[in-house]
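A.B. asks: Next comes coords.pdb, PDB, C-alpha atoms:
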```pdb
ATOM      1  CA  GLY A   1       1.058 -12.586  25.973
ATOM      2  CA  GLN A   2       0.458  -9.268  27.584
ATOM      3  CA  SER A   3       1.602  -8.400  31.072
ATOM      4  CA  LEU A   4       2.542  -5.479  33.247
ATOM      5  CA  GLU A   5       5.204  -5.800  35.923
ATOM      6  CA  GLN A   6       5.502  -3.642  39.020
ATOM      7  CA  PRO A   7       7.430  -4.014  42.269
ATOM      8  CA  SER A   8       5.226  -5.562  44.923
ATOM      9  CA  GLU A   9       6.275  -3.236  47.746
ATOM     10  CA  VAL A  10       8.008   0.096  48.207
ATOM     11  CA  THR A  11       8.815   1.866  51.473
ATOM     12  CA  ALA A  12       9.679   5.542  51.906
ATOM     13  CA  VAL A  13       9.603   8.290  54.521
ATOM     14  CA  GLU A  14       7.499  11.403  54.745
ATOM     15  CA  GLY A  15       8.730  14.234  52.570
ATOM     16  CA  ALA A  16      10.740  11.953  50.325
ATOM     17  CA  ILE A  17      10.336  11.181  46.614
ATOM     18  CA  VAL A  18       9.468   7.708  45.394
ATOM     19  CA  GLN A  19       9.282   6.241  41.904
ATOM     20  CA  ILE A  20       7.111   3.232  41.091
ATOM     21  CA  ASN A  21       8.076   1.531  37.859
ATOM     22  CA  CYS A  22       5.887  -0.348  35.419
ATOM     23  CA  THR A  23       7.318  -2.423  32.604
ATOM     24  CA  TYR A  24       5.079  -4.016  30.064
ATOM     25  CA  GLN A  25       5.112  -6.664  27.405
ATOM     26  CA  THR A  26       2.362  -6.005  24.941
ATOM     27  CA  SER A  27       2.329  -5.467  21.208
ATOM     28  CA  GLY A  28       0.589  -2.157  21.370
ATOM     29  CA  PHE A  29      -1.691  -0.162  23.615
ATOM     30  CA  TYR A  30      -3.543   3.079  24.047
ATOM     31  CA  GLY A  31      -1.635   4.886  26.754
ATOM     32  CA  LEU A  32      -0.593   4.034  30.297
ATOM     33  CA  SER A  33      -2.750   4.779  33.320
ATOM     34  CA  TRP A  34      -2.142   4.827  37.054
ATOM     35  CA  TYR A  35      -4.662   4.148  39.784
ATOM     36  CA  GLN A  36      -4.457   4.498  43.556
ATOM     37  CA  GLN A  37      -6.209   2.235  46.026
ATOM     38  CA  HIS A  38      -6.261   2.692  49.787
ATOM     39  CA  ASP A  39      -6.839  -0.304  52.041
ATOM     40  CA  GLY A  40     -10.520  -1.154  52.026
ATOM     41  CA  GLY A  41     -11.227   1.354  49.288
ATOM     42  CA  ALA A  42     -11.806   1.347  45.554
ATOM     43  CA  PRO A  43      -9.239   2.104  42.844
ATOM     44  CA  THR A  44      -9.261   5.747  41.824
ATOM     45  CA  PHE A  45      -7.792   7.178  38.662
ATOM     46  CA  LEU A  46      -4.575   9.208  39.030
ATOM     47  CA  SER A  47      -3.110   9.834  35.591
ATOM     48  CA  TYR A  48      -2.977   8.881  31.930
ATOM     49  CA  ASN A  49      -0.053   9.118  29.496
ATOM     50  CA  ALA A  50      -1.230   8.969  25.918
ATOM     51  CA  LEU A  51       2.157   9.989  24.545
ATOM     52  CA  ASP A  52       5.761   9.561  25.581
ATOM     53  CA  GLY A  53       6.987  11.999  28.162
ATOM     54  CA  LEU A  54       6.118  13.364  31.549
ATOM     55  CA  GLU A  55       2.663  14.358  32.784
ATOM     56  CA  GLU A  56       2.494  16.335  36.012
ATOM     57  CA  THR A  57      -0.468  16.684  38.351
ATOM     58  CA  GLY A  58       0.443  18.355  41.613
ATOM     59  CA  ARG A  59       2.742  16.164  43.672
ATOM     60  CA  PHE A  60       2.280  13.247  41.276
ATOM     61  CA  SER A  61       3.919  12.830  37.879
ATOM     62  CA  SER A  62       3.750   9.979  35.416
ATOM     63  CA  PHE A  63       6.152   9.101  32.632
ATOM     64  CA  LEU A  64       5.928   6.886  29.566
ATOM     65  CA  SER A  65       8.560   5.632  27.147
ATOM     66  CA  ARG A  66       7.112   3.358  24.483
ATOM     67  CA  SER A  67      10.517   2.591  22.972
ATOM     68  CA  ASP A  68      11.667   1.252  26.339
ATOM     69  CA  SER A  69       8.326  -0.424  27.189
ATOM     70  CA  TYR A  70       8.482   1.408  30.469
ATOM     71  CA  GLY A  71       6.650   3.896  32.574
ATOM     72  CA  TYR A  72       6.708   5.191  36.109
ATOM     73  CA  LEU A  73       4.726   7.088  38.684
ATOM     74  CA  LEU A  74       6.657   9.677  40.674
ATOM     75  CA  LEU A  75       5.318  10.818  44.019
ATOM     76  CA  GLN A  76       6.949  13.868  45.587
ATOM     77  CA  GLU A  77       6.746  15.366  49.068
ATOM     78  CA  LEU A  78       5.345  12.113  50.342
ATOM     79  CA  GLN A  79       2.633  12.252  52.969
ATOM     80  CA  MET A  80       1.301   9.528  55.243
ATOM     81  CA  LYS A  81      -1.956   9.561  53.299
ATOM     82  CA  ASP A  82      -0.066   8.422  50.189
ATOM     83  CA  SER A  83       0.284   4.976  51.780
ATOM     84  CA  ALA A  84      -1.753   2.879  49.367
ATOM     85  CA  SER A  85      -1.465   0.457  46.484
ATOM     86  CA  TYR A  86      -0.686   1.837  43.039
ATOM     87  CA  PHE A  87      -1.647   0.067  39.828
ATOM     88  CA  CYS A  88      -0.543   0.651  36.264
ATOM     89  CA  ALA A  89      -2.941  -0.300  33.469
ATOM     90  CA  VAL A  90      -3.034  -0.244  29.666
ATOM     91  CA  ARG A  91      -5.708  -0.754  27.024
ATOM     92  CA  PRO A  92      -4.455  -3.214  24.398
ATOM     93  CA  ARG A  93      -4.471  -1.947  20.844
ATOM     94  CA  ARG A  94      -5.137  -5.409  19.470
ATOM     95  CA  ASP A  95      -8.855  -5.016  20.102
ATOM     96  CA  ALA A  96     -10.395  -2.575  17.668
ATOM     97  CA  GLY A  97     -13.236  -0.156  17.951
ATOM     98  CA  ASN A  98     -14.739   0.715  21.266
ATOM     99  CA  ASN A  99     -12.932  -1.863  23.359
ATOM    100  CA  ARG A 100     -12.614  -0.526  26.886
ATOM    101  CA  LYS A 101     -10.805  -3.465  28.488
ATOM    102  CA  LEU A 102      -7.769  -2.602  30.620
ATOM    103  CA  ILE A 103      -4.858  -4.878  31.431
ATOM    104  CA  TRP A 104      -3.720  -4.303  35.024
ATOM    105  CA  GLY A 105      -0.485  -4.752  36.889
ATOM    106  CA  LEU A 106      -0.633  -6.551  40.234
ATOM    107  CA  GLY A 107      -0.047  -3.316  42.119
ATOM    108  CA  THR A 108       2.684  -1.809  44.269
ATOM    109  CA  SER A 109       2.055  -1.387  47.971
ATOM    110  CA  LEU A 110       3.597   1.890  49.133
ATOM    111  CA  ALA A 111       4.257   2.387  52.823
ATOM    112  CA  VAL A 112       5.101   5.928  53.918
ATOM    113  CA  ASN A 113       6.723   6.043  57.336
ATOM    114  CA  PRO A 114       7.160   9.056  59.638
TER     115      PRO A 114
ATOM    116  CA  ASP R   1     -23.259  13.682  41.410
ATOM    117  CA  ALA R   2     -23.565  10.176  42.766
ATOM    118  CA  GLY R   3     -20.772   7.816  41.921
ATOM    119  CA  VAL R   4     -21.081   4.157  41.054
ATOM    120  CA  ILE R   5     -23.399   2.478  43.533
ATOM    121  CA  GLN R   6     -23.006  -1.141  44.565
ATOM    122  CA  SER R   7     -25.054  -3.314  46.857
ATOM    123  CA  PRO R   8     -24.720  -5.041  49.159
ATOM    124  CA  ARG R   9     -21.455  -3.737  50.600
ATOM    125  CA  HIS R  10     -20.872  -6.946  52.496
ATOM    126  CA  GLU R  11     -22.261 -10.399  51.887
ATOM    127  CA  VAL R  12     -21.668 -13.519  53.909
ATOM    128  CA  THR R  13     -23.212 -16.690  52.605
ATOM    129  CA  GLU R  14     -22.814 -20.417  52.767
ATOM    130  CA  MET R  15     -21.389 -22.593  50.065
ATOM    131  CA  GLY R  16     -24.007 -23.588  47.527
ATOM    132  CA  GLN R  17     -26.147 -20.498  47.954
ATOM    133  CA  GLU R  18     -26.954 -18.059  45.180
ATOM    134  CA  VAL R  19     -25.381 -14.618  45.426
ATOM    135  CA  THR R  20     -26.499 -11.564  43.476
ATOM    136  CA  LEU R  21     -24.415  -8.405  43.370
ATOM    137  CA  ARG R  22     -25.894  -5.184  42.056
ATOM    138  CA  CYS R  23     -24.477  -2.115  40.400
ATOM    139  CA  LYS R  24     -25.790   1.242  39.283
ATOM    140  CA  PRO R  25     -23.316   3.052  37.005
ATOM    141  CA  ILE R  26     -22.822   6.797  36.839
ATOM    142  CA  SER R  27     -25.584   8.425  34.818
ATOM    143  CA  GLY R  28     -24.463   8.986  31.240
ATOM    144  CA  HIS R  29     -21.780   6.312  31.319
ATOM    145  CA  ASN R  30     -22.236   3.626  28.686
ATOM    146  CA  SER R  31     -19.470   1.181  29.596
ATOM    147  CA  LEU R  32     -19.749  -1.001  32.678
ATOM    148  CA  PHE R  33     -17.154  -3.366  34.118
ATOM    149  CA  TRP R  34     -17.227  -6.105  36.735
ATOM    150  CA  TYR R  35     -13.933  -6.853  38.503
ATOM    151  CA  ARG R  36     -12.870  -9.286  41.186
ATOM    152  CA  GLN R  37      -9.967  -8.535  43.506
ATOM    153  CA  THR R  38      -8.050 -10.989  45.684
ATOM    154  CA  MET R  39      -4.638 -10.874  47.252
ATOM    155  CA  MET R  40      -3.413 -13.755  45.130
ATOM    156  CA  ARG R  41      -4.672 -12.701  41.712
ATOM    157  CA  GLY R  42      -5.013  -8.956  42.058
ATOM    158  CA  LEU R  43      -7.648  -7.108  40.043
ATOM    159  CA  GLU R  44      -9.292  -9.304  37.405
ATOM    160  CA  LEU R  45     -11.777  -8.134  34.798
ATOM    161  CA  LEU R  46     -14.710 -10.558  34.722
ATOM    162  CA  ILE R  47     -16.922  -8.991  32.068
ATOM    163  CA  TYR R  48     -17.740  -5.644  30.565
ATOM    164  CA  PHE R  49     -20.650  -4.107  28.689
ATOM    165  CA  ASN R  50     -20.889  -1.327  26.113
ATOM    166  CA  ASN R  51     -24.366   0.161  25.744
ATOM    167  CA  ASN R  52     -25.807  -2.728  27.785
ATOM    168  CA  VAL R  53     -24.311  -5.352  25.449
ATOM    169  CA  PRO R  54     -21.700  -7.797  26.817
ATOM    170  CA  ILE R  55     -18.478  -7.245  24.868
ATOM    171  CA  ASP R  56     -15.918  -9.423  26.605
ATOM    172  CA  ASP R  57     -16.743 -12.118  29.153
ATOM    173  CA  SER R  58     -13.497 -14.032  28.814
ATOM    174  CA  GLY R  59     -12.701 -13.335  32.460
ATOM    175  CA  MET R  60     -15.809 -15.013  33.817
ATOM    176  CA  PRO R  61     -14.424 -17.966  35.779
ATOM    177  CA  GLU R  62     -16.991 -20.576  34.859
ATOM    178  CA  ASP R  63     -20.648 -21.224  34.237
ATOM    179  CA  ARG R  64     -21.481 -20.518  37.849
ATOM    180  CA  PHE R  65     -20.991 -16.820  37.087
ATOM    181  CA  SER R  66     -23.420 -14.793  35.009
ATOM    182  CA  ALA R  67     -23.925 -11.080  34.451
ATOM    183  CA  LYS R  68     -26.740  -9.047  33.002
ATOM    184  CA  MET R  69     -27.357  -5.439  32.140
ATOM    185  CA  PRO R  70     -31.072  -5.042  31.394
ATOM    186  CA  ASN R  71     -30.833  -1.259  31.048
ATOM    187  CA  ALA R  72     -28.329   1.578  31.148
ATOM    188  CA  SER R  73     -28.679   2.123  34.877
ATOM    189  CA  PHE R  74     -28.496  -1.361  36.334
ATOM    190  CA  SER R  75     -26.368  -4.480  36.207
ATOM    191  CA  THR R  76     -26.161  -7.689  38.204
ATOM    192  CA  LEU R  77     -23.478 -10.294  38.743
ATOM    193  CA  LYS R  78     -24.799 -13.629  39.913
ATOM    194  CA  ILE R  79     -22.936 -16.597  41.343
ATOM    195  CA  GLN R  80     -24.857 -19.844  41.550
ATOM    196  CA  PRO R  81     -23.862 -21.985  43.342
ATOM    197  CA  SER R  82     -21.273 -20.068  45.341
ATOM    198  CA  GLU R  83     -18.046 -21.668  46.560
ATOM    199  CA  PRO R  84     -15.500 -20.600  49.204
ATOM    200  CA  ARG R  85     -12.963 -19.756  46.470
ATOM    201  CA  ASP R  86     -15.357 -17.074  45.230
ATOM    202  CA  SER R  87     -14.614 -15.049  48.361
ATOM    203  CA  ALA R  88     -13.233 -11.716  47.166
ATOM    204  CA  VAL R  89     -14.068  -8.059  46.730
ATOM    205  CA  TYR R  90     -16.172  -7.475  43.629
ATOM    206  CA  PHE R  91     -15.987  -4.048  42.047
ATOM    207  CA  CYS R  92     -18.222  -2.479  39.479
ATOM    208  CA  ALA R  93     -16.810   0.383  37.404
ATOM    209  CA  SER R  94     -18.214   2.591  34.683
ATOM    210  CA  SER R  95     -16.970   5.007  32.073
ATOM    211  CA  LYS R  96     -17.989   6.665  28.844
ATOM    212  CA  ILE R  97     -17.030   4.883  25.645
ATOM    213  CA  ARG R  98     -15.465   8.145  24.514
ATOM    214  CA  GLN R  99     -13.900   8.835  27.869
ATOM    215  CA  ASP R 100     -11.382  11.618  28.320
ATOM    216  CA  PRO R 101      -8.872  10.826  29.833
ATOM    217  CA  TYR R 102      -9.067   7.720  27.737
ATOM    218  CA  ASN R 103      -8.369   5.034  30.329
ATOM    219  CA  GLU R 104     -10.312   6.512  33.218
ATOM    220  CA  GLN R 105     -12.790   4.207  34.895
ATOM    221  CA  PHE R 106     -14.879   5.101  37.926
ATOM    222  CA  PHE R 107     -15.128   2.397  40.561
ATOM    223  CA  GLY R 108     -17.854   1.687  43.047
ATOM    224  CA  PRO R 109     -17.074   0.938  46.700
ATOM    225  CA  GLY R 110     -17.114  -2.802  46.098
ATOM    226  CA  THR R 111     -18.929  -5.762  47.607
ATOM    227  CA  ARG R 112     -16.919  -7.888  50.007
ATOM    228  CA  LEU R 113     -18.149 -11.442  49.530
ATOM    229  CA  THR R 114     -17.382 -14.206  51.994
ATOM    230  CA  VAL R 115     -18.509 -17.727  51.170
ATOM    231  CA  LEU R 116     -18.304 -20.092  54.129
TER     232      LEU R 116
END
```
What would you get if you wrote out this structure as structure tokens?

C.D. replies:
Amino acid sequence: GQSLEQPSEVTAVEGAIVQINCTYQTSGFYGLSWYQQHDGGAPTFLSYNALDGLEETGRFSSFLSRSDSYGYLLLQELQMKDSASYFCAVRPRRDAGNNRKLIWGLGTSLAVNP
Amino acid sequence: DAGVIQSPRHEVTEMGQEVTLRCKPISGHNSLFWYRQTMMRGLELLIYFNNNVPIDDSGMPEDRFSAKMPNASFSTLKIQPSEPRDSAVYFCASSKIRQDPYNEQFFGPGTRLTVL
């Protein structure tokens, strides 16, 4: 089967750094993505790692290691507005051609406290 | 540019009634996705279309659910008859088949469905 595992909840304080891990069990995939969703809102795209290594976008960074079947989202200088759910997602390689289907983790609820 | 548009934003109906959810994807996007989100099961892909053609409907729960995409700018998800367990937030998302970044999908605001 194919699955993505994330912690269900993470708590941190303003100004801190937090890492949200995503481990996966799938035979192959096209990159690892991260999405953010605020309460009552829609998921919004944050980042995409096509290759192993670190991708940085402002305060957010994302990392992928295919050999370890592992990735993470790193949030620095946390702000209250970062309180949200964070989802990792992959597109399975097993489906050829123009398959756009994503497999999603169940999400990590991040609470940023003052 | 307008994002993905969904209607209605909220729907409250009684068990057994027909429910129709509507979606207008971003202009120029040729992939469209219907998702359902609940606390228990998270975000589930129900069905998706490429160029108006259904590609994968393996996530559609049962025959009570149906989806259509008659043209590139409109899609519907219909539940008939509705049941209380269908209560959830339904999201529509769109992207380009040759999207860059590759896994980026653009979500609409969602329809919060409550079946009494």

A.B. asks: Taking all atoms listed in the file into account, produce a table as CSV in which each residue of chain A with an atom at most 7 Å from an atom of chain R appears once, together with its shortest atom pair and the distance in Å to one decimal, ordered by chain and rising number.

C.D. replies:
```
residue,atom,partner,partner_atom,distance
A:Ser33,CA,R:Asn103,CA,6.4
A:Gly41,CA,R:Pro109,CA,6.4
A:Ala42,CA,R:Pro109,CA,5.4
A:Pro43,CA,R:Phe107,CA,6.3
A:Thr44,CA,R:Phe106,CA,6.9
A:Phe45,CA,R:Glu104,CA,6.0
A:Tyr48,CA,R:Pro101,CA,6.6
A:Asn98,CA,R:Ile97,CA,6.5
A:Trp104,CA,R:Leu43,CA,7.0
A:Leu106,CA,R:Gly42,CA,5.3
```

A.B. asks: Given the file shown, enumerate the residues that the PyMOL selection byres ((chain A and resi 2-14) around 12) captures and present them as a PyMOL selection string.

C.D. replies: (chain A and resi 1+15-29+32-34+69-73+75-94+102-114) or (chain R and resi 39-40+42)

A.B. asks: Name the closest residue to Arg85 of chain R among the candidates R:Thr38, R:Asn51, R:Thr111, R:Ser73; distances are taken between atoms, counting all atoms listed in the file.

C.D. replies: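 Counting all atoms listed in the file, the residue closest to Arg85 of chain R is R:Thr38.
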
A.B. asks: For the structure provided, state which residues fall under the PyMOL selection byres ((chain R and resi 2-16) around 6), and present them as an MDAnalysis selection string.

C.D. replies: chainID R and resid 1 17 22:26 81:83 108 111:116

A.B. asks: Report as a list in words the full result of the PyMOL selection byres ((chain A and resi 61) around 9) when it is applied to this structure.

C.D. replies: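 Applying the expression gives Ser47, Leu54, Glu55, Glu56, Thr57, Gly58, Arg59, Phe60, Ser62, Phe63, Tyr72, Leu73, Leu74, Leu75 and Gln76 of chain A.
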
A.B. asks: Name all residues at most 10 Å from Val53 of chain R (count only C-alpha atoms; drop same-chain ones fewer than 6 positions away) and give them as a PyMOL selection string.

C.D. replies: chain R and resi 30-32+68-72

A.B. asks: Taking only C-alpha atoms into account, which of R:Glu18, R:Ser94, R:Asn52, R:Ala88 comes nearest Phe65 of chain R?

C.D. replies: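 Distance minimum relative to Phe65 of chain R lands on R:Glu18.
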
A.B. asks: What separation in Å, quoted to one decimal, exists between atom CA of Lys101 of chain A and atom CA of Ser67 of chain A?

C.D. replies: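 So the answer is 22.8 Å.
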